[in-house]
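Student: What follows is the file run-v8.tsv, containing TSV, C-alpha atoms:
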```tsv
chain	number	residue	atom	x	y	z
A	1	MET	CA	-9.71	15.81	19.03
A	2	SER	CA	-10.73	19.32	19.98
A	3	GLY	CA	-12.56	21.55	17.57
A	4	SER	CA	-10.74	24.22	15.64
A	5	GLY	CA	-11.61	27.91	15.62
A	6	ILE	CA	-13.56	27.37	12.40
A	7	GLY	CA	-15.60	24.52	13.83
A	8	VAL	CA	-14.05	21.55	12.01
A	9	GLY	CA	-15.85	18.46	13.25
A	10	GLY	CA	-13.56	15.84	11.73
A	11	VAL	CA	-12.14	14.51	8.48
A	12	ASP	CA	-14.72	13.45	5.91
A	13	PHE	CA	-12.35	11.68	3.56
A	14	ALA	CA	-8.81	11.54	2.28
A	15	THR	CA	-8.12	11.62	-1.47
A	16	ILE	CA	-5.61	9.34	-3.14
A	17	PHE	CA	-5.02	10.26	-6.77
A	18	VAL	CA	-4.44	7.36	-9.15
A	19	LYS	CA	-3.73	6.86	-12.83
A	20	ASP	CA	-5.58	3.56	-13.19
A	21	TYR	CA	-8.86	3.63	-11.27
A	22	GLU	CA	-9.79	-0.01	-12.01
A	23	ALA	CA	-6.40	-1.26	-10.83
A	24	ALA	CA	-6.78	0.85	-7.70
A	25	LYS	CA	-10.21	-0.65	-7.00
A	26	ALA	CA	-8.74	-4.13	-7.34
A	27	PHE	CA	-5.85	-3.28	-5.02
A	28	TYR	CA	-7.69	-1.39	-2.28
A	29	GLY	CA	-10.68	-3.72	-2.40
A	30	GLY	CA	-9.18	-7.06	-3.35
A	31	VAL	CA	-5.73	-6.93	-1.77
A	32	LEU	CA	-6.26	-4.58	1.18
A	33	GLY	CA	-9.86	-5.63	1.78
A	34	LEU	CA	-11.28	-2.12	2.08
A	35	GLU	CA	-14.97	-1.63	1.39
A	36	HIS	CA	-15.83	0.10	-1.86
A	37	SER	CA	-18.44	2.58	-0.69
A	38	GLY	CA	-19.61	3.52	-4.18
A	39	ASP	CA	-18.75	5.28	-7.40
A	40	TYR	CA	-19.36	8.99	-7.59
A	41	GLY	CA	-21.05	10.01	-10.80
A	42	LYS	CA	-18.79	11.19	-13.60
A	43	ILE	CA	-15.59	11.16	-11.57
A	44	PRO	CA	-13.99	7.74	-11.14
A	45	ALA	CA	-13.66	7.66	-7.36
A	46	GLY	CA	-15.00	5.57	-4.57
B	1	MET	CA	-9.82	9.17	-7.49
B	2	ASP	CA	-8.82	9.25	-11.15
B	3	SER	CA	-6.61	12.33	-11.37
B	4	ALA	CA	-7.18	13.04	-15.06
B	5	SER	CA	-10.93	13.25	-14.49
B	6	VAL	CA	-10.46	16.30	-12.31
B	7	GLY	CA	-7.82	17.90	-14.49
B	8	GLN	CA	-5.02	16.93	-12.16
B	9	GLU	CA	-1.69	15.75	-13.52
B	10	PHE	CA	-0.89	12.53	-11.73
B	11	SER	CA	2.03	12.36	-9.35
B	12	PRO	CA	2.27	9.62	-6.73
B	13	SER	CA	1.97	10.77	-3.14
B	14	GLY	CA	4.94	10.22	-0.88
B	15	HIS	CA	2.88	11.09	2.21
B	16	PRO	CA	1.62	7.75	3.50
B	17	ILE	CA	-1.87	7.19	4.76
B	18	ALA	CA	-1.69	5.02	7.87
B	19	LEU	CA	-3.96	1.98	7.84
B	20	HIS	CA	-4.74	0.61	11.29
B	21	VAL	CA	-4.18	-3.12	11.72
B	22	ASP	CA	-4.10	-5.23	14.85
B	23	ASP	CA	-0.87	-7.00	13.86
B	24	VAL	CA	1.53	-5.26	11.50
B	25	GLU	CA	3.73	-8.30	10.89
B	26	ALA	CA	0.79	-10.58	10.13
B	27	ALA	CA	-0.73	-8.03	7.78
B	28	ARG	CA	2.63	-7.45	6.13
B	29	SER	CA	3.15	-11.17	5.58
B	30	SER	CA	-0.31	-11.48	4.07
B	31	LEU	CA	0.30	-8.62	1.67
B	32	GLU	CA	3.78	-9.86	0.74
B	33	ALA	CA	2.25	-13.23	-0.09
B	34	GLN	CA	0.04	-11.36	-2.55
B	35	GLY	CA	3.01	-9.67	-4.18
B	36	VAL	CA	3.02	-6.33	-2.34
B	37	GLN	CA	6.54	-5.01	-1.83
B	38	PHE	CA	7.45	-3.09	1.30
B	39	LEU	CA	10.03	-0.35	1.68
B	40	GLY	CA	12.53	-1.52	4.27
B	41	GLU	CA	11.92	-3.32	7.50
B	42	THR	CA	9.00	-2.84	9.87
B	43	MET	CA	9.75	0.10	12.14
B	44	ASP	CA	9.30	0.23	15.90
B	45	SER	CA	8.93	3.85	17.00
B	46	GLY	CA	8.78	2.94	20.66
B	47	VAL	CA	5.00	3.45	20.72
B	48	CYS	CA	3.91	1.80	17.47
B	49	HIS	CA	4.88	-0.49	14.61
B	50	MET	CA	4.82	0.77	11.01
B	51	ALA	CA	5.51	-0.85	7.65
B	52	VAL	CA	5.54	1.22	4.43
B	53	PHE	CA	4.42	0.04	1.01
B	54	LYS	CA	3.00	1.49	-2.20
B	55	ASP	CA	-0.18	1.04	-4.20
B	56	PRO	CA	-0.03	0.08	-7.89
B	57	ASP	CA	0.40	3.75	-8.89
B	58	GLY	CA	3.19	4.40	-6.39
B	59	ASN	CA	1.19	6.17	-3.67
B	60	SER	CA	2.67	5.54	-0.24
B	61	LEU	CA	0.68	3.69	2.39
B	62	LEU	CA	1.64	2.22	5.71
B	63	LEU	CA	0.39	-0.42	8.10
B	64	HIS	CA	0.17	0.94	11.64
B	65	HIS	CA	-0.48	-0.40	15.10
B	66	ARG	CA	0.04	1.55	18.30
B	67	TYR	CA	0.94	-0.73	21.17
B	68	ALA	CA	1.73	1.89	23.80
B	69	PRO	CA	-1.17	3.29	25.79
B	70	ARG	CA	-2.10	6.85	25.01
B	71	ASP	CA	-1.26	9.36	27.71
```
Would you write the structure of this file as structure tokens?

Tutor:
Amino acid sequence: MSGSGIGVGGVDFATIFVKDYEAAKAFYGGVLGLEHSGDYGKIPAG
Amino acid sequence: MDSASVGQEFSPSGHPIALHVDDVEAARSSLEAQGVQFLGETMDSGVCHMAVFKDPDGNSLLLHHRYAPRD
């Protein structure tokens, strides 16, 4: 992937909004097997 | 990310994030055995296989494997 004119080096993350964060953790972690990298402070996200 | 925590009204995303797998059919079968429902049949684009499903909140995801070499 070539760099853009503003010097974008890549994609850091993609956001998926959810209503039920705990259910999402169980699905993405338990069903899909994705690693839960961590929880981010006051905002339920990981 | 919990949408309400950032003041965002929740609306499920219809733009799937593609998850790379080595074998779309095997992965699909595994997920279906765990109760995940897929939208339609697995697609063959001529360069890749794709199978679309949703997370518990209705966000679209897809299993993806490219079998054709990149140019």

Student: List as a tab-separated table every residue of chain B that is in contact with chain A, defined as an atom at most 7 Å from one of its atoms (using all atoms listed in the file), together with the nearest atom pair and the distance in Å rounded to one decimal, sorted by chain and then rising number.

Tutor:
```
residue	atom	partner	partner_atom	distance
B:Met1	CA	A:Ala45	CA	4.1
B:Asp2	CA	A:Val18	CA	5.2
B:Ser3	CA	A:Phe17	CA	5.3
B:Ser5	CA	A:Ile43	CA	5.9
B:Phe10	CA	A:Lys19	CA	6.4
B:Pro56	CA	A:Ala24	CA	6.8
B:Asp57	CA	A:Val18	CA	6.0
```

Student: Using only C-alpha atoms, determine which residues lie at most 12 Å from Gly35 of chain B, disregarding the query and same-chain residues fewer than 2 positions distant; provide the list as an mmCIF file with C-alpha atoms, keeping the file's coordinate frame.

Tutor:
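This went into result-v2.cif:
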```
data_model
loop_
_atom_site.group_PDB
_atom_site.id
_atom_site.type_symbol
_atom_site.label_atom_id
_atom_site.label_comp_id
_atom_site.auth_asym_id
_atom_site.auth_seq_id
_atom_site.Cartn_x
_atom_site.Cartn_y
_atom_site.Cartn_z
ATOM 1 C CA PHE A 27 -5.850 -3.280 -5.020
ATOM 2 C CA VAL A 31 -5.730 -6.930 -1.770
ATOM 3 C CA LEU A 32 -6.260 -4.580 1.180
ATOM 4 C CA ARG B 28 2.630 -7.450 6.130
ATOM 5 C CA SER B 29 3.150 -11.170 5.580
ATOM 6 C CA SER B 30 -0.310 -11.480 4.070
ATOM 7 C CA LEU B 31 0.300 -8.620 1.670
ATOM 8 C CA GLU B 32 3.780 -9.860 0.740
ATOM 9 C CA ALA B 33 2.250 -13.230 -0.090
ATOM 10 C CA GLN B 37 6.540 -5.010 -1.830
ATOM 11 C CA PHE B 38 7.450 -3.090 1.300
ATOM 12 C CA PHE B 53 4.420 0.040 1.010
ATOM 13 C CA LYS B 54 3.000 1.490 -2.200
ATOM 14 C CA ASP B 55 -0.180 1.040 -4.200
ATOM 15 C CA PRO B 56 -0.030 0.080 -7.890
#
```

Student: Could you please determine the separation between atom CA of Val24 of chain B and atom CA of Asp71 of chain B in Å, to one decimal place?

Tutor: 22.0 Å

Student: So how many Å separate atom CA of Gly40 of chain B and atom CA of Leu62 of chain B, to one decimal?

Tutor: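 Interatomic distance here is 11.6 Å.
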
Student: What does the distance between atom CA of Gly58 of chain B and atom CA of Gly14 of chain B come to in Å, to one decimal place?

Tutor: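 Those two atoms sit 8.2 Å apart.
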